[in-house]
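Text of model08.cif, listed as mmCIF, C-alpha atoms:
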```cif
data_my_file
#
loop_
_atom_site.group_PDB
_atom_site.id
_atom_site.type_symbol
_atom_site.label_atom_id
_atom_site.label_comp_id
_atom_site.auth_asym_id
_atom_site.auth_seq_id
_atom_site.Cartn_x
_atom_site.Cartn_y
_atom_site.Cartn_z
ATOM 1 C CA MET L 1 170.204 128.103 101.821
ATOM 2 C CA VAL L 2 167.723 126.411 99.477
ATOM 3 C CA SER L 3 167.205 122.713 100.205
ATOM 4 C CA SER L 4 167.261 120.118 97.433
ATOM 5 C CA ASP L 5 163.554 119.456 98.019
ATOM 6 C CA GLN L 6 162.728 123.160 97.653
ATOM 7 C CA ARG L 7 164.831 123.299 94.501
ATOM 8 C CA ARG L 8 162.966 120.310 93.008
ATOM 9 C CA ARG L 9 159.624 121.966 93.732
ATOM 10 C CA GLN L 10 160.842 125.214 92.179
ATOM 11 C CA LEU L 11 162.043 123.426 89.033
ATOM 12 C CA ALA L 12 158.746 121.530 88.744
ATOM 13 C CA ARG L 13 156.747 124.756 89.036
ATOM 14 C CA GLU L 14 158.930 126.432 86.439
ATOM 15 C CA LYS L 15 158.463 123.467 84.097
ATOM 16 C CA PHE L 16 154.688 123.609 84.596
ATOM 17 C CA GLU L 17 154.632 127.343 83.840
ATOM 18 C CA ARG L 18 156.846 126.890 80.750
ATOM 19 C CA GLN L 19 154.443 124.267 79.428
ATOM 20 C CA GLN L 20 151.502 126.602 79.947
ATOM 21 C CA GLN L 21 153.388 129.419 78.156
ATOM 22 C CA ARG L 22 154.295 127.151 75.232
ATOM 23 C CA ARG L 23 150.623 126.272 74.851
ATOM 24 C CA GLU L 24 149.704 129.960 74.615
ATOM 25 C CA GLU L 25 152.505 130.634 72.110
ATOM 26 C CA ALA L 26 151.357 127.703 69.975
ATOM 27 C CA ARG L 27 147.837 129.065 70.119
ATOM 28 C CA ARG L 28 148.970 132.473 68.867
ATOM 29 C CA ARG L 29 150.924 130.870 66.027
ATOM 30 C CA THR L 30 147.848 128.871 65.048
ATOM 31 C CA ARG L 31 145.775 132.054 64.945
ATOM 32 C CA ARG L 32 148.297 133.692 62.635
ATOM 33 C CA LEU L 33 148.389 130.671 60.351
ATOM 34 C CA THR L 34 144.582 130.502 60.292
ATOM 35 C CA ALA L 35 144.427 134.165 59.289
ATOM 36 C CA VAL L 36 146.945 133.624 56.466
ATOM 37 C CA ILE L 37 144.996 130.637 55.124
ATOM 38 C CA ALA L 38 141.678 132.505 55.322
ATOM 39 C CA SER L 39 143.145 135.457 53.424
ATOM 40 C CA ALA L 40 144.603 133.196 50.747
ATOM 41 C CA LEU L 41 141.283 131.429 50.245
ATOM 42 C CA ALA L 42 139.482 134.765 49.912
ATOM 43 C CA VAL L 43 141.905 135.963 47.231
ATOM 44 C CA VAL L 44 141.579 132.687 45.333
ATOM 45 C CA ALA L 45 137.787 133.047 45.351
ATOM 46 C CA VAL L 46 138.013 136.567 43.890
ATOM 47 C CA ILE L 47 140.645 135.890 41.236
ATOM 48 C CA GLY L 48 139.054 132.648 40.049
ATOM 49 C CA ALA L 49 140.273 129.251 38.977
ATOM 50 C CA GLY L 50 143.825 128.931 37.750
ATOM 51 C CA ALA L 51 145.230 131.699 39.933
ATOM 52 C CA TYR L 52 147.814 131.065 42.601
ATOM 53 C CA ILE L 53 149.055 132.790 45.751
ATOM 54 C CA SER L 54 152.706 133.506 46.507
ATOM 55 C CA VAL L 55 153.285 132.888 50.203
ATOM 56 C CA GLY L 56 156.844 134.185 50.390
ATOM 57 C CA ASP L 57 160.343 132.756 50.312
ATOM 58 C CA ASP L 58 161.624 129.425 51.611
ATOM 59 C CA ASP L 59 162.189 130.787 55.114
ATOM 60 C CA ASP L 60 158.519 131.821 55.361
ATOM 61 C CA LYS L 61 157.447 128.356 54.233
ATOM 62 C CA LYS L 62 159.677 126.740 56.830
ATOM 63 C CA ASN L 63 158.193 128.984 59.528
ATOM 64 C CA ASP L 64 154.646 128.064 58.452
ATOM 65 C CA LYS L 65 155.522 124.365 58.682
ATOM 66 C CA ALA L 66 157.039 124.904 62.120
ATOM 67 C CA ASP L 67 153.928 126.783 63.250
ATOM 68 C CA THR L 68 151.697 123.966 62.042
ATOM 69 C CA ALA L 69 153.825 121.338 63.774
ATOM 70 C CA ALA L 70 153.742 123.342 67.005
ATOM 71 C CA SER L 71 149.972 123.640 66.881
ATOM 72 C CA GLN L 72 149.709 119.866 66.579
ATOM 73 C CA SER L 73 152.144 119.092 69.387
ATOM 74 C CA PRO L 74 150.943 117.763 72.758
ATOM 75 C CA SER L 75 151.606 121.187 74.329
ATOM 76 C CA ALA L 76 149.294 123.042 71.934
ATOM 77 C CA THR L 77 145.971 124.517 72.996
ATOM 78 C CA PRO L 78 142.714 124.506 71.024
ATOM 79 C CA SER L 79 143.017 126.512 67.812
ATOM 80 C CA ALA L 80 141.325 129.862 67.306
ATOM 81 C CA SER L 81 138.582 128.226 65.273
ATOM 82 C CA GLU L 82 137.835 125.947 68.215
ATOM 83 C CA SER L 83 137.573 128.860 70.678
ATOM 84 C CA ALA L 84 134.874 130.902 68.980
ATOM 85 C CA ALA L 85 131.742 129.535 70.676
ATOM 86 C CA PRO L 86 129.966 131.538 73.386
ATOM 87 C CA GLU L 87 130.108 130.556 77.035
ATOM 88 C CA PRO L 88 126.975 128.623 78.128
ATOM 89 C CA ALA L 89 124.067 130.773 79.317
ATOM 90 C CA MET L 90 123.923 131.116 83.097
ATOM 91 C CA LYS L 91 121.338 128.623 84.370
ATOM 92 C CA ILE L 92 122.562 127.596 87.812
ATOM 93 C CA ASP L 93 121.508 128.934 91.196
ATOM 94 C CA LYS L 94 124.406 131.225 92.128
ATOM 95 C CA LYS L 95 123.634 130.860 95.816
ATOM 96 C CA ALA L 96 123.816 127.067 95.833
ATOM 97 C CA SER L 97 126.529 124.441 96.081
ATOM 98 C CA TYR L 98 126.832 121.774 93.409
ATOM 99 C CA ALA L 99 128.413 118.339 93.465
ATOM 100 C CA MET L 100 130.253 116.865 90.498
ATOM 101 C CA SER L 101 130.535 113.082 90.475
ATOM 102 C CA LEU L 102 132.974 111.278 88.229
ATOM 103 C CA LYS L 103 132.512 107.552 87.836
ATOM 104 C CA THR L 104 135.950 106.421 86.647
ATOM 105 C CA SER L 105 137.717 103.188 85.798
ATOM 106 C CA GLN L 106 139.792 103.574 88.998
ATOM 107 C CA GLY L 107 136.955 104.481 91.354
ATOM 108 C CA ASP L 108 134.551 107.310 92.056
ATOM 109 C CA ILE L 109 135.780 110.890 92.409
ATOM 110 C CA ALA L 110 133.376 113.526 93.718
ATOM 111 C CA PHE L 111 133.857 117.169 94.601
ATOM 112 C CA THR L 112 131.720 120.127 95.643
ATOM 113 C CA MET L 113 131.587 123.479 93.837
ATOM 114 C CA ASP L 114 130.529 126.780 95.435
ATOM 115 C CA ALA L 115 128.520 128.650 92.795
ATOM 116 C CA ALA L 116 128.651 131.885 94.786
ATOM 117 C CA LYS L 117 132.453 132.008 94.427
ATOM 118 C CA THR L 118 132.843 130.415 90.994
ATOM 119 C CA PRO L 119 129.546 130.893 89.104
ATOM 120 C CA HIS L 120 130.998 130.789 85.589
ATOM 121 C CA THR L 121 133.079 127.687 86.262
ATOM 122 C CA THR L 122 130.259 125.861 88.034
ATOM 123 C CA ASN L 123 127.740 126.761 85.346
ATOM 124 C CA SER L 124 130.106 125.634 82.585
ATOM 125 C CA PHE L 125 130.824 122.296 84.238
ATOM 126 C CA LYS L 126 127.133 121.609 84.756
ATOM 127 C CA ALA L 127 126.331 122.500 81.142
ATOM 128 C CA LEU L 128 129.117 120.244 79.858
ATOM 129 C CA ALA L 129 128.267 117.344 82.163
ATOM 130 C CA ASP L 130 124.559 117.555 81.280
ATOM 131 C CA LYS L 131 125.356 116.940 77.615
ATOM 132 C CA GLY L 132 127.806 114.092 78.337
ATOM 133 C CA TYR L 133 130.914 116.056 77.384
ATOM 134 C CA PHE L 134 133.172 114.399 79.966
ATOM 135 C CA ASP L 135 131.869 110.854 79.423
ATOM 136 C CA ALA L 136 134.424 108.405 77.982
ATOM 137 C CA THR L 137 137.310 110.880 78.385
ATOM 138 C CA LYS L 138 140.676 110.122 79.977
ATOM 139 C CA CYS L 139 142.653 111.928 82.656
ATOM 140 C CA HIS L 140 145.688 112.477 80.460
ATOM 141 C CA ARG L 141 148.318 113.881 82.796
ATOM 142 C CA LEU L 142 149.819 112.956 86.173
ATOM 143 C CA THR L 143 152.666 114.802 87.916
ATOM 144 C CA THR L 144 154.578 113.199 90.772
ATOM 145 C CA GLU L 145 157.587 115.490 91.243
ATOM 146 C CA GLY L 146 157.425 119.016 92.639
ATOM 147 C CA ILE L 147 153.724 119.446 91.874
ATOM 148 C CA PHE L 148 151.190 116.728 92.571
ATOM 149 C CA VAL L 149 148.146 116.770 90.314
ATOM 150 C CA LEU L 150 146.023 114.577 88.063
ATOM 151 C CA GLN L 151 144.726 116.527 85.056
ATOM 152 C CA CYS L 152 141.448 115.644 83.346
ATOM 153 C CA GLY L 153 138.690 117.154 81.204
ATOM 154 C CA ASP L 154 140.256 116.957 77.736
ATOM 155 C CA PRO L 155 138.039 115.173 75.179
ATOM 156 C CA LYS L 156 141.098 114.615 72.970
ATOM 157 C CA GLY L 157 143.118 113.067 75.787
ATOM 158 C CA ASP L 158 146.375 114.811 74.862
ATOM 159 C CA GLY L 159 146.153 118.251 76.491
ATOM 160 C CA THR L 160 144.979 120.089 73.367
ATOM 161 C CA GLY L 161 141.200 119.741 73.635
ATOM 162 C CA GLY L 162 138.564 122.136 74.869
ATOM 163 C CA PRO L 163 134.862 122.978 74.685
ATOM 164 C CA GLY L 164 135.232 125.699 72.038
ATOM 165 C CA TYR L 165 134.960 128.631 74.472
ATOM 166 C CA ASN L 166 136.810 130.137 77.428
ATOM 167 C CA ILE L 167 135.557 131.079 80.886
ATOM 168 C CA PRO L 168 136.913 133.860 83.107
ATOM 169 C CA ASP L 169 139.229 133.279 86.044
ATOM 170 C CA GLU L 170 137.476 133.260 89.410
ATOM 171 C CA ASN L 171 138.246 132.987 93.124
ATOM 172 C CA LEU L 172 141.978 133.605 92.593
ATOM 173 C CA THR L 173 142.490 135.124 96.064
ATOM 174 C CA ALA L 174 140.874 132.208 97.896
ATOM 175 C CA LEU L 175 144.189 130.549 98.783
ATOM 176 C CA GLY L 176 145.796 133.677 100.190
ATOM 177 C CA LYS L 177 148.496 136.083 99.121
ATOM 178 C CA ALA L 178 151.439 134.769 97.121
ATOM 179 C CA GLY L 179 154.685 134.341 99.017
ATOM 180 C CA THR L 180 158.082 135.684 98.038
ATOM 181 C CA ASP L 181 158.397 132.840 95.539
ATOM 182 C CA GLY L 182 155.210 133.967 93.789
ATOM 183 C CA THR L 183 153.192 130.903 94.770
ATOM 184 C CA VAL L 184 150.410 129.832 97.095
ATOM 185 C CA THR L 185 149.654 126.384 98.440
ATOM 186 C CA PHE L 186 146.900 124.428 96.710
ATOM 187 C CA PRO L 187 145.934 121.993 99.499
ATOM 188 C CA ALA L 188 145.424 118.303 98.826
ATOM 189 C CA GLY L 189 141.820 117.803 97.727
ATOM 190 C CA THR L 190 141.639 121.056 95.751
ATOM 191 C CA VAL L 191 140.138 120.995 92.261
ATOM 192 C CA ALA L 192 141.296 123.834 90.000
ATOM 193 C CA MET L 193 141.098 124.949 86.378
ATOM 194 C CA ALA L 194 143.990 124.377 84.003
ATOM 195 C CA ASN L 195 144.824 127.193 81.590
ATOM 196 C CA THR L 196 147.415 128.312 79.046
ATOM 197 C CA GLY L 197 149.268 130.528 81.493
ATOM 198 C CA GLN L 198 147.335 133.583 80.291
ATOM 199 C CA PRO L 199 144.297 135.177 82.010
ATOM 200 C CA GLY L 200 140.829 134.013 80.997
ATOM 201 C CA THR L 201 141.903 130.891 79.104
ATOM 202 C CA GLY L 202 140.087 128.215 81.114
ATOM 203 C CA GLY L 203 138.069 125.696 79.120
ATOM 204 C CA SER L 204 137.189 122.188 80.260
ATOM 205 C CA GLN L 205 140.522 120.906 81.572
ATOM 206 C CA PHE L 206 140.955 120.787 85.333
ATOM 207 C CA PHE L 207 143.381 119.280 87.822
ATOM 208 C CA LEU L 208 142.908 117.313 91.027
ATOM 209 C CA VAL L 209 145.495 118.047 93.726
ATOM 210 C CA TYR L 210 146.348 114.904 95.715
ATOM 211 C CA LYS L 211 149.193 116.407 97.794
ATOM 212 C CA ASP L 212 149.833 120.004 98.898
ATOM 213 C CA THR L 213 151.245 121.804 95.849
ATOM 214 C CA LYS L 214 152.742 125.255 95.377
ATOM 215 C CA LEU L 215 151.660 127.079 92.216
ATOM 216 C CA PRO L 216 151.082 130.704 91.211
ATOM 217 C CA PRO L 217 147.591 131.964 92.203
ATOM 218 C CA THR L 218 146.517 132.087 88.553
ATOM 219 C CA TYR L 219 144.467 128.882 88.475
ATOM 220 C CA THR L 220 140.800 129.047 89.518
ATOM 221 C CA PRO L 221 140.232 126.848 92.596
ATOM 222 C CA PHE L 222 136.608 125.824 92.265
ATOM 223 C CA GLY L 223 136.081 122.519 94.037
ATOM 224 C CA THR L 224 137.027 120.290 96.952
ATOM 225 C CA MET L 225 137.210 116.512 96.690
ATOM 226 C CA ASP L 226 135.590 114.280 99.267
ATOM 227 C CA ASP L 227 137.758 111.787 101.187
ATOM 228 C CA ALA L 228 136.871 108.880 98.920
ATOM 229 C CA GLY L 229 137.692 110.868 95.801
ATOM 230 C CA LEU L 230 141.039 112.012 97.190
ATOM 231 C CA LYS L 231 141.849 108.406 98.092
ATOM 232 C CA THR L 232 141.105 107.341 94.512
ATOM 233 C CA VAL L 233 143.423 109.978 93.053
ATOM 234 C CA LYS L 234 146.185 109.086 95.519
ATOM 235 C CA LYS L 235 145.906 105.451 94.426
ATOM 236 C CA VAL L 236 146.455 106.506 90.825
ATOM 237 C CA ALA L 237 149.419 108.667 91.855
ATOM 238 C CA GLU L 238 151.032 105.845 93.833
ATOM 239 C CA ALA L 239 151.158 103.735 90.664
ATOM 240 C CA GLY L 240 153.160 106.502 89.012
ATOM 241 C CA VAL L 241 153.553 107.811 85.495
ATOM 242 C CA ALA L 242 153.768 105.533 82.472
ATOM 243 C CA GLY L 243 157.404 104.962 81.570
ATOM 244 C CA GLY L 244 158.631 106.002 85.007
ATOM 245 C CA ALA L 245 158.811 109.754 84.354
ATOM 246 C CA GLY L 246 157.570 112.393 86.791
ATOM 247 C CA ASP L 247 155.116 113.995 84.369
ATOM 248 C CA GLY L 248 152.998 112.250 81.768
ATOM 249 C CA ALA L 249 150.131 109.836 81.290
ATOM 250 C CA PRO L 250 149.261 107.933 84.478
ATOM 251 C CA LYS L 251 150.339 104.291 84.556
ATOM 252 C CA LYS L 252 146.860 103.396 85.798
ATOM 253 C CA THR L 253 144.599 104.609 83.005
ATOM 254 C CA VAL L 254 141.814 106.795 84.381
ATOM 255 C CA THR L 255 138.747 106.876 82.134
ATOM 256 C CA VAL L 256 135.745 108.972 83.117
ATOM 257 C CA GLU L 257 132.847 106.665 82.375
ATOM 258 C CA LYS L 258 130.132 109.081 83.518
ATOM 259 C CA ALA L 259 130.089 112.635 84.871
ATOM 260 C CA THR L 260 127.126 114.304 86.549
ATOM 261 C CA VAL L 261 126.569 117.651 88.266
ATOM 262 C CA ASP L 262 123.658 118.207 90.685
ATOM 263 C CA LYS L 263 122.816 120.527 93.550
ATOM 264 C CA ALA L 264 124.602 119.412 96.699
#
```

Any chance you could give the structure as structure tokens?
Amino acid sequence: MVSSDQRRRQLAREKFERQQQRREEARRRTRRLTAVIASALAVVAVIGAGAYISVGDDDDKKNDKADTAASQSPSATPSASESAAPEPAMKIDKKASYAMSLKTSQGDIAFTMDAAKTPHTTNSFKALADKGYFDATKCHRLTTEGIFVLQCGDPKGDGTGGPGYNIPDENLTALGKAGTDGTVTFPAGTVAMANTGQPGTGGSQFFLVYKDTKLPPTYTPFGTMDDAGLKTVKKVAEAGVAGGAGDGAPKKTVTVEKATVDKA
């Protein structure tokens, strides 16, 4: 017999995974549309002024409009043109631990990162923090039903932003083997990478777990919050989601005023 609480958690996980999948589908549609536009521009350049391109019948045009709308929706991921930059060169000490400190409008949040287990993630976060990437950004998403996370790291503040490159998944076995439901427990205090639901699609968005949460072991766990940081996130969660929903922008706006990464 499945309890109502277990069913709610299952539905929340499924919703989370559907959102991640929709982001990846929107990304693929954007790539196709970008390729069509690039090809059209190339033909126009060859044929010269006054020429025109036939892009198909009305159904094709409707599909193109739908693809464009999807790519601009809150569930879209960065477009192909925004994911062409190389990953930052490795400059950290892979044997060291690093501490990331977020000075936010709701209080300080700090967490440690083990470079030996997550070198690419740690190196990327240090490179981004050093150039002020996270400064003046908002934590755009809070979930309070089924899964319990605060999501941050998007410079656009709507779930569609990224640094222009992807980093590989790391440390995926750290939380143990998935159970019969396909999930593992991300303990309260865990910091993990958000992604599109597909392998190797991490960018700059990450989530802070403020209460034990079951998710598939496909999200890189790379940090652990200190007690003060966890308390800050819990305070935000207690205020709830704007509009009273269980998933959306936090009622208490969380703005990252300054982010720094240094050796622990």

* Mind telling me what the PyMOL selection byres ((chain L and resi 123-140) around 8) catches here, as a ChimeraX atom specification? -> /L:87-88,90-92,115,119-122,141-142,150-159,167,204,248-250,253-262

* To do: Could you list the residues chosen by the PyMOL selection byres ((chain L and resi 231-237) around 6) in this structure as a PyMOL selection string?
  => chain L and resi 107+210+228-230+238-240+252

* Target residues per the PyMOL selection byres ((chain L and resi 172) around 7), formatted as a ChimeraX atom specification -> /L:170-171,173-174,217-221

Centre, x/y/z edge lengths, axis-aligned box for stretch 196-212 of chain L with 5 Å per side, as AutoDock Vina command-line options:
```
--center_x 143.5 --center_y 125.0 --center_z 89.0 --size_x 22.6 --size_y 30.3 --size_z 29.9
```

* Best match for closeness to L:Gly164 among L:Gln198, L:Thr143, L:Thr190, L:Gln205, counting only C-alpha atoms ->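 The answer is L:Gln205, which sits nearest to L:Gly164.
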
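With all atoms listed in the file as the atoms that count, the residue of L:Thr144, L:Gln10, L:Thr118, L:Thr180 with the shortest distance to L:Asp247 is L:Thr144.
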
* Residues within 8 Å of L:Leu11, all atoms listed in the file, excluding chain neighbours under 4 positions, as an NGL selection string -> :L and (7 or 15 or 146)

I need the chosen residues saved as a PDB file, keeping the file's coordinate frame, with C-alpha atoms.
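And here's result-v3.pdb as it stands now:
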```
ATOM      1  CA  ARG L   7     164.831 123.299  94.501  1.00  0.00           C
ATOM      2  CA  LYS L  15     158.463 123.467  84.097  1.00  0.00           C
ATOM      3  CA  GLY L 146     157.425 119.016  92.639  1.00  0.00           C
TER       4      GLY L 146
END
```

* Asked: What is the atom CA of L:Lys94 to atom CA of L:Ala192 distance in Å?
  ->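 One can read the atom CA of L:Lys94 to atom CA of L:Ala192 distance as 18.6 Å.
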
* To do: Find the distance between atom CA of L:Pro163 and atom CA of L:Ala264 and write it in Å to one decimal.
  =>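 Computing the Euclidean distance for atom CA of L:Pro163 and atom CA of L:Ala264 yields 24.5 Å.
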
* So how far away is atom CA of L:Ala96 from atom CA of L:Gly161, in Å? -> 29.1 Å

* To do: Choose the residue, out of L:Tyr165, L:Phe111, L:Phe148, L:Phe186, that has the smallest atom-to-atom separation from L:Pro216; count all atoms listed in the file.
  => L:Phe186
